[in-house]
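Student: Before anything else, here's the structure in question.
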Amino acid sequence: MTYEFDFSVLLPFWREFATGVWLTLQLSALATVLGFVLGTLCAIGRADGSPAVKWAVATYVEVIRNTPLLVQIFLVYFGIATLGVHVSANMAAVIALVVNVGAYTCEIVRAGLESVHKAQLEAADCLGLSRVQTYWHVVLRPAVERVYPALTSQYVLLMLASSITSQISAEELTAVANRIQSDTFRSFETYIVVGVLYLLLSFVVRAAFWGFGMVVFVRRRKLGTAL
Amino acid sequence: MHAPVSAKAVVSLSNVHKSFGALKVLDGVSFDVGPGEVTAIIGQSGSGKSTALRCINALETIQEGSIHVCGHAVHDPALDRRALRRDVGIVFQSYNLFPHLTVEQNIMLAPTCVKSMSKAEARELAREVLARVGLEAKAEQYPEQLSGGQQQRVAIARSLAMKPKLMLFDEVTSALDPQLTGEVLKVMESLAAGGMTMILVTHEMAFARRVASTVIYMHQGKVWESGPGSMLDRPQTEELRGFVGSGL
Amino acid sequence: MHAPVSAKAVVSLSNVHKSFGALKVLDGVSFDVGPGEVTAIIGQSGSGKSTALRCINALETIQEGSIHVCGHAVHDPALDRRALRRDVGIVFQSYNLFPHLTVEQNIMLAPTCVKSMSKAEARELAREVLARVGLEAKAEQYPEQLSGGQQQRVAIARSLAMKPKLMLFDEVTSALDPQLTGEVLKVMESLAAGGMTMILVTHEMAFARRVASTVIYMHQGKVWESGPGSMLDRPQTEELRGFVGSGL
Amino acid sequence: DSLDTIKANKKIRVAIDLGSPPFGMNDSAMQPTGSDVETAKALAADLGYALEIVQVTSPNRVPFLLTGKADMVMASFSINEERKKVIDFSAPYGVIQVVIAAPKNVAITDLKDVVGKRLGTTRGSTNDKEATTQAQGAEMVRYDDDATLITALISGQVNIMASSPQVMAAVNARRPNDPYEVKLVLKTNPYAAGFRKGDDALRKVVDDWIATNLANGKLSKIYETYNGVPLPAEMPK
Amino acid sequence: MPGFSFTHLEFLAWAALWTVGLSVIAFVGGGLLGFVVALARVSASRSLRIAAIVYIQLVQGTPLLILLFLIYFGVAIAGFDAVPAIIAAGAGLTVYSSGFLAEIWRGCIQSVPKTQWEAAECLALTRWQRMTRVVLPQALRLATAPTVGFLVQIVKNTSLASVVGFIELSQAGKLINNSIFEPFTIFIVVAVFYFALCFPLSTWSRSLERKLNVSRR
Ligand SMILES: Nc1ncnc2c1ncn2[C@@H]1O[C@H](COP(=O)(O)OP(=O)(O)OP(=O)(O)O)[C@@H](O)[C@H]1O
Ligand SMILES: Nc1ncnc2c1ncn2[C@@H]1O[C@H](COP(=O)(O)OP(=O)(O)OP(=O)(O)O)[C@@H](O)[C@H]1O
Ligand SMILES: [Mg+2]
Ligand SMILES: [Mg+2]
């Protein structure tokens with residue numbers, strides 16, 4: 001089988017690739033931030049909440065982790081519409097991604113919380129700190145610091161998984177690619193380009209996380225410990 | 001056997017019982033500590049020394065008896081723990097510094113959070129207590145950059161910053177080598193000299209002898225013997241004799 | 001300052017230099033240990049004691065000088081490490097038993113793997129060395145089921161099973177409480193009495209005094225003072241005086 | 001050459017997208033059906049080969065063809081210049097209209113009326129291309145396949161469609177109360193089978209078969225079965 | 001139009017078999033390859049380590065869809081056009097899981113304390129003996145839970161094999177939807193199928209984790 005690769009055909013579409021990349025970044029950034037907040041709250045709820053809260057969080061995590069994202073996205077997008085509320089595809093995509101990644105974050109952060117030594121809690125307690133103060137000042141930062149690599153990988157996966165939102169009309173990178181390859185029938189070239197773009201994006205996400213870690217985890221920066 | 005609760009005692013335990021499940025750990029412990037007194041608790045591993053300290057600071061709840069600390073009824077389920085802890089400082093064997101905060105931030109945390117002190121005031125206070133433990137120069141360091149003895153002194157400083165009326169020390173030197181131990185003991189000695197009421201669990205017999213006004217020997221969850229430091233030279237019971245003799 | 005390398009020395013360090021990056025840790029260390037001798041290394045934290053032991057066992061490579069151990073030229077890049085380690089046993093502060101193996105399996109591992117001993121022989125050997133450390137009864141247990149002192153004795157037994165010509169001990173008692181320390185020291189004393197050549201890094205001054213034929217005081221990466229155990233009673237240098245005096 | 005392989009194996013492998021009703025889909029017994037499927041069956045029967053349907057999706061139909069995993073594609077391929085550079089097309093064997101449709105109460109008489117409105121379509125389809133170029137200023141809402149578009153139209157996520165009358169029919173079957181109606185016809189596109197470049201012998205055979213069966217009305221009949229209307233008398237170019 | 005019927009359920013059940021089959025292939029293949037990569041990742045040779053890092057980064061940074069596409073069709077372009085889809089999909093999923101498993105296992109191997117390596121070294125064990133007798137048995141205990149956890153991801157990710165023509169669970173769901181347009185019923189049923197496959201695995205992984213945590217205390 002001989003196939004003549006011709007990437008030049010894709011050149012006129014650079015603007016579309018760029019908008020696709022941009023939307024992918026926006027979707028994943030938003031989902032990352034909100035998903036982290038949701039997941040962390042759930043993790044705290046699971047570690048320290050009432051039995052009802054613990055049960056609710058556990059159910060949420062299990063249901064999400066054991067069903068495919070695609071199905072979740074469909075249910076959010078069409079489900080909300082059936083309720084008579086109209087949200088844009090991007091909004092639905094973000095909601096679905098947040099709900100999804102929130103469950104994974106919850107699991108990861110929970111592991112981090114558990115790794116914070118009980119003695120640390122006792123020390124904070126003995127200094128008279130309240131529960132909220134203890135979480136905020138003593139528990140959360142070291143917990144997240146410890147699971148930061150796992151979180152980073154999870155959010156890279158989230159970025160890659162955001163490609164599924166093309167199915168509900170979000171015009172992110174994969175959607176753009178499918179449109180371009182349908183226009184030109186240059187499937188191989190398109191997929192190779194998209195593969196490379198995703199690879200670059202995943203480096204961007206990792207770099208962003210690394211940079212953020214440097215800012216937040218001051219100690220690591222000062223002591224030069226790798227994240 | 002036990003003197004009536006002295007009105008001016010800072011700490012007063014009376015017939016305290018504490019079990020973990022089936023395991024009886026404190027079996028009717030009673031003792032008082034007056035203001036400015038330094039009490040050393042000694043005893044074999046597992047005799048309930050740490051548990052006694054933890055009960056005094058309400059880290060464990062007791063099943064029977066009463067504990068009064070600085071006017072707080074610790075055995076009372078309605079106890080205001082945060083108020084108690086403003087009066088009591090505790091330092092553990094394992095330092096328990098917060099690894100993600102600098103020395104100064106470790107010390108400033110409780111005053112700003114609990115006493116709503118301003119950052120500037122808290123920083124000044126931090127410098128002051130650090131000076132007392134001889135570590136002004138380390139304010140900007142992170143705990144892992146310090147030696148064990150220095151970490152332990154920071155832990156003491158962190159407790160001091162809350163200006164407690166009572167300090168509890170649980171084997172604060174047993175993770176340290178002799179030299180580092182010396183540094184920490186020096187700080188504790190100066191606290192004792194400054195009139196701080198202290199209870200310390202320790203393996204350093206010589207130190208107990210030197211600074212403690214009272215030594216309590218615990219055995220099998222009971223106060224087996226107690227008296228002034230010199231009691232160690234003339235043990236009354238077989239057990240204490242064995243204990244004092246076992247060290248090299 | 002340094003006596004010429006004795007032909008029959010088991011260990012002989014000569015002008016050993018070792019740095020970690022910019023940090024000079026060993027700064028021209030020389031000493032000899034003859035057969036059956038027990039040498040105790042003492043000194044402040046960070047003075048390079050552990051590093052010296054690790055260099056003797058080729059866990060670290062040195063930058064300058066020579067180390068001869070049981071006829072192996074340890075400083076030589078072409079050193080046969082496995083042959084060296086068949087002659088040298090080392091026991092660490094943190095025991096480092098293999099948690100997934102029983103006590104017996106821990107001990108049998110090296111003889112079967114390295115000396116191709118049969119399982120039955122190795123098991124017999126394991127029982128024998130366990131008896132020497134007084135733990136025959138624990139053969140089937142897993143390390144986590146043992147106390148610290150027992151774990152440490154198993155670690156010693158594990159090394160003994162290789163029938164080393166030289167044993168290195170790095171602060172083997174400093175993770176233990178006084179009572180457990182006693183058990184381990186007893187084992188070491190009996191080894192010394194049995195004529196084993198040993199180098200031990202220790203904080204137990206009293207023990208060093210009692211069993212060591214030679215005491216080496218290290219300071220800032222150098223052998224600062226050395227001599228018989230009695231040297232500790234008449235320190236020649238300010239530093240050793242301070243060090244010996246700092247303990248209580 | 002592919003024709004030789006087909007002859008040798010007595011089997012023709014046709015790639016069909018079963019995600020684009022009524023051209024390719026599954027019936028209630030999950031058997032392939034639709035006008036492309038029936039056309040392929042007729043073609044294979046007339047040529048005397050067994051038919052193997054290679055199921056493809058819109059993103060992978062061209063790679064399947066190009067890498068020799070199918071001999072030809074019948075997946076309502078509209079013909080355009082860009083695509084011609086990559087594959088060869090047969091003569092058209094059907095047409096597909098690009099229409100803009102909406103429920104009755106939505107007033108659309110002119111392309112200007114859709115400016116600023118959300119227009120649902122299937123990503124990468126000819127409908128998408130036509131609507132995007134003609135209805136400048138409308139907001140295109142693109143779904144991965146017809147089925148998702150139909151679901152979106154039924155559930156009300158969008159209420160104007162730029163697609164084929166066939167899709168509209170599928171939607172209306174699901175919402176009889178407020179049916180969509182055709183507001184504008186943007187274009188009538190012929191569609192054709194696709195071949196690897198240089199497979200001229202096979203293409204010639206298929207072209208001949210198409211000519212014969214357009215003339216005898218067989219193709220029009222198949223088309224009418226699934227689309228409700230016959231083929232136009234004259235195939236547009 | 002007919003609604004969701006028993007025929008459809010049967011169709012989904014057959015598709016679920018493919019999902020299981022692909023998962024098994026991915027897991028076995030990915031496990032073997034991943035083990036080799038993990039060993040390379042912690043090997044003494046610098047160039048092997050770097051090669052392993054690059055491999056892992058590449059695999060983890062490329063969406064599985066693209067990976068499958070490029071392998072299936074790329075192999076064909078390279079001249080092997082007779083490669084069946086099952087092999088290509090198996091290869092793609094193998095590569096994908098090996099990248100992730102290698103990283104999981106590397107973490108487990110490296111979380112065995114360095115002192116254990118040293119202790120083994122001081123007993124004169126060879127590098128291979130150290131690895132097989134001391135480190136791997138300990139790493140294995142740490143690795144079971146996250147490995148089973150990853151299995152769940154593989155099961156869900158086989159859905160992307162539709163790009164090379166597989167009709168597994170997700171694709172089957174879409175096909176049924178194309179025929180009867182009842183997205184809710186269908187996708188909920190599909191979700192239930194996945195849940196039935198995945199939930200036992202995650203539960204198992206969790207119980208393993210709990211057991212190991214207890215014995216580590
Ligand atoms: N949280 C707990 N749950 C169950 N048992 C406990 C708990 N804490 C302590 N114990 C048990 O209570 C007994 C007394 O413990 P405690 O820590 O008070 O002894 P100690 O005198 O401080 O000994 P050491 O010198 O080893 O610190 C021990 O047998 C210990 O195992
Ligand atoms: N792998 C290493 N990399 C960098 N520095 C090291 C390393 N190992 C030891 N050091 C440094 O070398 C110095 C001497 O360490 P060593 O462990 O030999 O001291 P020591 O005398 O055994 O002290 P201690 O009594 O605390 O065990 C210390 O300052 C230590 O921080
Ligand atoms: Mg204790
Ligand atoms: Mg050391």
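Just so we're on the same page: first chain in the structure tokens is A, next is B, and so on; residues restart at 1 for each chain, and ligands are numbered from 1 in the order they show up.
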Report as a ChimeraX atom specification which protein, DNA and RNA residues come within 8 Å of ligand 3, using only C-alpha atoms and all ligand atoms.

Tutor: /B:45-46,48-51,170-171,201

Student: Would you mind exporting the chosen residues as a PDB file, in the first residue's frame, restricted to all heavy atoms?

Tutor:
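So the final result, stored in selection_13.pdb, reads:
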ATOM      1  N   SER B  45       7.945   1.203  79.302  1.00  0.00           N
ATOM      2  CA  SER B  45       7.111   1.357  78.123  1.00  0.00           C
ATOM      3  C   SER B  45       5.774   0.668  78.382  1.00  0.00           C
ATOM      4  O   SER B  45       5.723  -0.432  78.923  1.00  0.00           O
ATOM      5  CB  SER B  45       7.824   0.696  76.959  1.00  0.00           C
ATOM      6  OG  SER B  45       7.052   0.846  75.814  1.00  0.00           O
ATOM      7  N   GLY B  46       4.689   1.355  78.037  1.00  0.00           N
ATOM      8  CA  GLY B  46       3.375   0.752  78.194  1.00  0.00           C
ATOM      9  C   GLY B  46       2.756   0.946  79.558  1.00  0.00           C
ATOM     10  O   GLY B  46       1.636   0.481  79.802  1.00  0.00           O
ATOM     11  N   GLY B  48       1.580   3.626  80.729  1.00  0.00           N
ATOM     12  CA  GLY B  48       0.478   4.586  80.715  1.00  0.00           C
ATOM     13  C   GLY B  48       0.890   6.036  80.859  1.00  0.00           C
ATOM     14  O   GLY B  48       0.040   6.906  81.039  1.00  0.00           O
ATOM     15  N   LYS B  49       2.187   6.315  80.727  1.00  0.00           N
ATOM     16  CA  LYS B  49       2.663   7.686  80.905  1.00  0.00           C
ATOM     17  C   LYS B  49       2.086   8.625  79.853  1.00  0.00           C
ATOM     18  O   LYS B  49       1.498   9.668  80.169  1.00  0.00           O
ATOM     19  CB  LYS B  49       4.199   7.719  80.806  1.00  0.00           C
ATOM     20  CG  LYS B  49       4.902   6.736  81.710  1.00  0.00           C
ATOM     21  CD  LYS B  49       6.408   6.825  81.589  1.00  0.00           C
ATOM     22  CE  LYS B  49       6.973   6.445  80.229  1.00  0.00           C
ATOM     23  NZ  LYS B  49       6.809   5.027  79.864  1.00  0.00           N
ATOM     24  N   SER B  50       2.253   8.224  78.583  1.00  0.00           N
ATOM     25  CA  SER B  50       1.732   9.083  77.516  1.00  0.00           C
ATOM     26  C   SER B  50       0.236   9.231  77.646  1.00  0.00           C
ATOM     27  O   SER B  50      -0.313  10.323  77.449  1.00  0.00           O
ATOM     28  CB  SER B  50       2.056   8.477  76.154  1.00  0.00           C
ATOM     29  OG  SER B  50       3.432   8.364  75.991  1.00  0.00           O
ATOM     30  N   THR B  51      -0.417   8.153  77.949  1.00  0.00           N
ATOM     31  CA  THR B  51      -1.870   8.208  78.065  1.00  0.00           C
ATOM     32  C   THR B  51      -2.283   9.205  79.150  1.00  0.00           C
ATOM     33  O   THR B  51      -3.229   9.980  78.957  1.00  0.00           O
ATOM     34  CB  THR B  51      -2.430   6.810  78.359  1.00  0.00           C
ATOM     35  OG1 THR B  51      -1.914   5.905  77.384  1.00  0.00           O
ATOM     36  CG2 THR B  51      -3.937   6.796  78.326  1.00  0.00           C
ATOM     37  N   ASP B 170       6.200  15.080  76.246  1.00  0.00           N
ATOM     38  CA  ASP B 170       6.168  13.616  76.194  1.00  0.00           C
ATOM     39  C   ASP B 170       7.432  13.083  75.530  1.00  0.00           C
ATOM     40  O   ASP B 170       7.548  13.073  74.305  1.00  0.00           O
ATOM     41  CB  ASP B 170       4.917  13.135  75.442  1.00  0.00           C
ATOM     42  CG  ASP B 170       4.726  11.636  75.596  1.00  0.00           C
ATOM     43  OD1 ASP B 170       5.566  11.001  76.274  1.00  0.00           O
ATOM     44  OD2 ASP B 170       3.751  11.100  75.045  1.00  0.00           O
ATOM     45  N   GLU B 171       8.358  12.643  76.326  1.00  0.00           N
ATOM     46  CA  GLU B 171       9.611  12.072  75.822  1.00  0.00           C
ATOM     47  C   GLU B 171      10.210  12.901  74.711  1.00  0.00           C
ATOM     48  O   GLU B 171      10.562  12.396  73.655  1.00  0.00           O
ATOM     49  CB  GLU B 171       9.365  10.649  75.316  1.00  0.00           C
ATOM     50  CG  GLU B 171       8.914   9.778  76.453  1.00  0.00           C
ATOM     51  CD  GLU B 171       8.775   8.319  76.063  1.00  0.00           C
ATOM     52  OE1 GLU B 171       9.319   7.940  75.024  1.00  0.00           O
ATOM     53  OE2 GLU B 171       8.145   7.596  76.828  1.00  0.00           O
ATOM     54  N   VAL B 201       7.209  13.575  80.682  1.00  0.00           N
ATOM     55  CA  VAL B 201       7.460  12.141  80.639  1.00  0.00           C
ATOM     56  C   VAL B 201       8.863  12.003  80.084  1.00  0.00           C
ATOM     57  O   VAL B 201       9.175  12.604  79.058  1.00  0.00           O
ATOM     58  CB  VAL B 201       6.451  11.445  79.714  1.00  0.00           C
ATOM     59  CG1 VAL B 201       6.870  10.005  79.470  1.00  0.00           C
ATOM     60  CG2 VAL B 201       5.055  11.512  80.295  1.00  0.00           C
TER      61      VAL B 201
END

Student: Residues within 12 Å of ligand 4 should be enumerated using only C-alpha atoms and all ligand atoms and returned as JSON, numbers by chain.

Tutor: {"B": [177], "C": [25, 41, 42, 43, 44, 45, 46, 47, 48, 49, 50, 51, 52, 53, 54, 92, 93, 94, 169, 170, 171, 172, 173, 174, 200, 201, 202, 203, 218]}

Student: Chain E residues within 7 Å of chain C, counting only C-alpha atoms: which ones, as an mmCIF file with N, CA and C atoms, in the first residue's frame?

Tutor:
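The file below, selection.cif, is the result:
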data_model
loop_
_atom_site.group_PDB
_atom_site.id
_atom_site.type_symbol
_atom_site.label_atom_id
_atom_site.label_comp_id
_atom_site.auth_asym_id
_atom_site.auth_seq_id
_atom_site.Cartn_x
_atom_site.Cartn_y
_atom_site.Cartn_z
ATOM 1 N N THR E 115 16.528 1.600 51.517
ATOM 2 C CA THR E 115 17.276 0.809 52.502
ATOM 3 C C THR E 115 17.092 -0.684 52.268
ATOM 4 N N GLN E 116 15.966 -1.064 51.672
ATOM 5 C CA GLN E 116 15.764 -2.478 51.370
ATOM 6 C C GLN E 116 16.733 -2.934 50.287
ATOM 7 N N ALA E 119 20.090 -3.179 52.019
ATOM 8 C CA ALA E 119 20.213 -4.343 52.877
ATOM 9 C C ALA E 119 20.476 -5.582 52.023
ATOM 10 N N CYS E 122 23.968 -5.553 50.728
ATOM 11 C CA CYS E 122 24.954 -5.884 51.752
ATOM 12 C C CYS E 122 24.968 -7.368 52.075
ATOM 13 N N LEU E 123 23.917 -8.088 51.657
ATOM 14 C CA LEU E 123 23.914 -9.535 51.871
ATOM 15 C C LEU E 123 24.520 -10.241 50.665
ATOM 16 N N ALA E 124 25.112 -9.456 49.750
ATOM 17 C CA ALA E 124 25.810 -9.994 48.593
ATOM 18 C C ALA E 124 24.880 -10.575 47.535
ATOM 19 N N LEU E 125 23.596 -10.193 47.553
ATOM 20 C CA LEU E 125 22.709 -10.656 46.490
ATOM 21 C C LEU E 125 23.051 -9.937 45.189
ATOM 22 N N VAL E 134 13.654 -9.525 46.717
ATOM 23 C CA VAL E 134 13.405 -8.535 47.766
ATOM 24 C C VAL E 134 12.445 -7.431 47.318
ATOM 25 N N GLN E 138 7.710 -7.099 47.358
ATOM 26 C CA GLN E 138 7.131 -6.003 48.139
ATOM 27 C C GLN E 138 6.347 -5.055 47.260
#

Student: With a distance cut-off of 7 Å and only C-alpha atoms, select the neighbouring residues of stretch 59-73 of chain D, excluding the residue or stretch itself and same-chain residues fewer than 2 positions from it, and output the selection as a count of residues only.

Tutor: 23

Student: Give me, as a Markdown table, each residue of chain D that comes within 10 Å of chain A, together with its shortest interatomic pair and the distance in Å at one decimal, counting only C-alpha atoms, with rows ordered by chain and rising residue number.

Tutor:
| residue | atom | partner | partner_atom | distance |
| --- | --- | --- | --- | --- |
| D:Ser58 | CA | A:Ser182 | CA | 8.0 |
| D:Pro59 | CA | A:Asn178 | CA | 6.3 |
| D:Asn60 | CA | A:Ser187 | CA | 7.8 |
| D:Arg61 | CA | A:Phe185 | CA | 9.3 |
| D:Val62 | CA | A:Phe185 | CA | 6.5 |
| D:Pro63 | CA | A:Ser187 | CA | 6.5 |
| D:Leu66 | CA | A:Tyr3 | CA | 8.1 |
| D:Thr67 | CA | A:Met1 | CA | 6.8 |
| D:Gly68 | CA | A:Met1 | CA | 7.8 |
| D:Asn80 | CA | A:Asp183 | CA | 8.7 |
| D:Glu81 | CA | A:Thr184 | CA | 9.0 |
| D:Glu82 | CA | A:Thr184 | CA | 5.5 |
| D:Arg83 | CA | A:Thr184 | CA | 5.4 |
| D:Lys84 | CA | A:Thr184 | CA | 8.8 |
| D:Lys85 | CA | A:Thr184 | CA | 8.4 |
| D:Val86 | CA | A:Phe185 | CA | 6.5 |
| D:Ile87 | CA | A:Phe185 | CA | 8.1 |
| D:Gly120 | CA | A:Ser169 | CA | 8.9 |
| D:Thr121 | CA | A:Ser169 | CA | 9.2 |
| D:Thr122 | CA | A:Ser169 | CA | 9.0 |
| D:Arg123 | CA | A:Arg179 | CA | 5.7 |
| D:Gly124 | CA | A:Arg179 | CA | 4.2 |
| D:Ser125 | CA | A:Ser182 | CA | 7.0 |
| D:Thr126 | CA | A:Asp183 | CA | 8.3 |
| D:Asp128 | CA | A:Arg179 | CA | 8.8 |
| D:Lys129 | CA | A:Asp183 | CA | 7.9 |
| D:Met140 | CA | A:Ser169 | CA | 9.0 |
| D:Val141 | CA | A:Ser169 | CA | 5.7 |
| D:Arg142 | CA | A:Ser169 | CA | 4.6 |
| D:Tyr143 | CA | A:Ser169 | CA | 4.7 |
| D:Asp144 | CA | A:Gln167 | CA | 5.0 |
| D:Asp145 | CA | A:Gln167 | CA | 8.0 |
| D:Thr148 | CA | A:Ile168 | CA | 7.6 |
| D:Leu149 | CA | A:Ile168 | CA | 8.7 |
| D:Thr151 | CA | A:Phe78 | CA | 8.0 |
| D:Ala152 | CA | A:Phe78 | CA | 7.1 |
| D:Ile154 | CA | A:Thr82 | CA | 9.5 |
| D:Ser155 | CA | A:Thr82 | CA | 5.9 |
| D:Gly156 | CA | A:Ala81 | CA | 6.6 |
| D:Gln157 | CA | A:Ala81 | CA | 6.0 |
| D:Val158 | CA | A:His86 | CA | 9.2 |

Student: I'd like the neighbourhood of D:Asn159 as a PyMOL selection string, where a residue qualifies if any of its atoms comes within 9 Å (using only C-alpha atoms), though same-chain residues fewer than 6 positions away should be ignored.

Tutor: chain D and resi 101-103+106+118-120+152-153+180

Student: With 10 Å as the limit and counting only C-alpha atoms, what residues in chain E lie close to chain A? Please list them as a ChimeraX atom specification.

Tutor: /E:57-67,69-70,73-81,149,152-153,155-157,159,170,173,183-184,186-203

Student: Export, as a JSON list (two decimals), in the first residue's frame, the selected residues with C-alpha atoms.

Tutor:
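So again_29.json came out as:
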[["chain", "number", "residue", "atom", "x", "y", "z"],
["E", 57, "GLN", "CA", 5.34, 10.28, 28.03],
["E", 58, "LEU", "CA", 4.42, 9.67, 24.40],
["E", 59, "VAL", "CA", 1.83, 7.05, 25.21],
["E", 60, "GLN", "CA", 0.30, 9.01, 28.05],
["E", 61, "GLY", "CA", 0.16, 12.22, 26.05],
["E", 62, "THR", "CA", -1.64, 10.85, 23.01],
["E", 63, "PRO", "CA", -5.37, 10.21, 23.07],
["E", 64, "LEU", "CA", -6.14, 6.51, 22.76],
["E", 65, "LEU", "CA", -8.36, 7.21, 19.78],
["E", 66, "ILE", "CA", -5.46, 8.66, 17.83],
["E", 67, "LEU", "CA", -3.18, 5.85, 19.00],
["E", 69, "PHE", "CA", -6.12, 4.99, 14.52],
["E", 70, "LEU", "CA", -2.46, 5.44, 13.79],
["E", 73, "PHE", "CA", -4.09, 2.32, 9.60],
["E", 74, "GLY", "CA", -0.44, 3.12, 9.99],
["E", 75, "VAL", "CA", 0.47, -0.56, 9.87],
["E", 76, "ALA", "CA", -1.56, -0.85, 6.71],
["E", 77, "ILE", "CA", 0.21, 2.10, 5.13],
["E", 78, "ALA", "CA", 3.50, 0.49, 6.08],
["E", 79, "GLY", "CA", 2.50, -2.43, 3.89],
["E", 80, "PHE", "CA", 0.93, -4.96, 6.20],
["E", 81, "ASP", "CA", -2.63, -4.62, 5.02],
["E", 149, "GLY", "CA", -8.14, 0.03, 39.57],
["E", 152, "VAL", "CA", -11.59, -0.38, 35.15],
["E", 153, "GLN", "CA", -10.15, 2.35, 32.94],
["E", 155, "VAL", "CA", -12.72, -1.66, 30.27],
["E", 156, "LYS", "CA", -14.18, 1.77, 29.68],
["E", 157, "ASN", "CA", -11.57, 2.76, 27.14],
["E", 159, "SER", "CA", -15.09, 1.83, 23.65],
["E", 170, "SER", "CA", -20.59, 1.86, 23.25],
["E", 173, "GLY", "CA", -25.40, 1.48, 21.86],
["E", 183, "PRO", "CA", -30.95, 7.85, 23.68],
["E", 184, "PHE", "CA", -32.02, 7.78, 27.29],
["E", 186, "ILE", "CA", -30.16, 3.05, 25.47],
["E", 187, "PHE", "CA", -27.42, 4.99, 27.19],
["E", 188, "ILE", "CA", -28.71, 4.14, 30.60],
["E", 189, "VAL", "CA", -28.77, 0.47, 29.67],
["E", 190, "VAL", "CA", -25.23, 0.81, 28.28],
["E", 191, "ALA", "CA", -24.18, 2.52, 31.49],
["E", 192, "VAL", "CA", -25.66, -0.31, 33.50],
["E", 193, "PHE", "CA", -23.68, -2.83, 31.43],
["E", 194, "TYR", "CA", -20.46, -0.94, 32.07],
["E", 195, "PHE", "CA", -21.29, -0.57, 35.72],
["E", 196, "ALA", "CA", -21.87, -4.29, 35.99],
["E", 197, "LEU", "CA", -18.46, -4.95, 34.46],
["E", 198, "CYS", "CA", -16.55, -2.27, 36.34],
["E", 199, "PHE", "CA", -18.08, -2.10, 39.77],
["E", 200, "PRO", "CA", -16.89, -5.54, 40.92],
["E", 201, "LEU", "CA", -13.40, -4.59, 39.80],
["E", 202, "SER", "CA", -13.34, -1.30, 41.66],
["E", 203, "THR", "CA", -14.77, -2.92, 44.74]]

Student: Work out how far apart atom CA of D:Ala42 and atom CA of D:Gly228 are and give it in Å to one decimal.

Tutor: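 Computing it gives 19.2 Å between the two atoms.
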
Student: Mind giving me the straight-line distance from atom CA of A:Ala103 to atom CA of E:Leu101 in Å, one decimal?

Tutor: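 We find that atom CA of A:Ala103 and atom CA of E:Leu101 lie 21.1 Å from each other.
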
Student: Extract, using only C-alpha atoms, all DNA, RNA and protein residues at most 8 Å from C:Glu37, discarding same-chain residues fewer than 6 positions from it, and format them as a compact mmCIF listing (two decimals) with N, CA, C and O atoms, in the first residue's frame.

Tutor:
# COMPACT_ATOMS: atom_id res chain seq x y z
N GLY C 195 35.04 -13.31 69.81
CA GLY C 195 36.19 -13.03 68.97
C GLY C 195 35.86 -12.43 67.61
O GLY C 195 36.71 -12.36 66.72
N MET C 196 34.62 -12.00 67.40
CA MET C 196 34.26 -11.38 66.12
C MET C 196 34.92 -10.00 66.01
O MET C 196 34.92 -9.22 66.96
N THR C 197 35.44 -9.70 64.82
CA THR C 197 35.95 -8.35 64.58
C THR C 197 34.75 -7.44 64.31
O THR C 197 33.90 -7.78 63.48
N MET C 198 34.68 -6.32 65.02
CA MET C 198 33.49 -5.48 64.86
C MET C 198 33.86 -4.01 64.86
O MET C 198 34.79 -3.58 65.53
N ALA C 212 34.56 -1.99 73.81
CA ALA C 212 35.47 -1.63 72.73
C ALA C 212 36.92 -1.73 73.16
O ALA C 212 37.29 -1.30 74.25
N SER C 213 37.75 -2.34 72.27
CA SER C 213 39.18 -2.31 72.55
C SER C 213 39.74 -0.96 72.13
O SER C 213 40.71 -0.48 72.69
N THR C 214 39.12 -0.34 71.13
CA THR C 214 39.55 0.97 70.67
C THR C 214 38.32 1.86 70.51
O THR C 214 37.29 1.41 70.02

Student: If DSSP is run on the backbone, what residues of stretch 56-131 of chain B are strand (DSSP E or B)? A reply as a list in words would be ideal.

Tutor: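 Secondary structure check on stretch 56-131 of chain B, strand (DSSP E or B): Glu64, Gly65, Ser66, Ile67, His68, Val69, His72, Ala73, Val88, Gly89, Ile90 and Val91 of chain B.
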
Student: To one decimal place in Å, what is the distance between atom CA of E:Ser179 and atom CA of D:Asn26?

Tutor: 5.4 Å

Student: Should the cut-off be 12 Å, what would the residue list for chain C against chain B look like, counting only C-alpha atoms, as a VMD selection string?

Tutor: chain C and resid 42 to 46 147 171 173 to 183 185 to 186 202 to 210 239 to 240 242 to 248
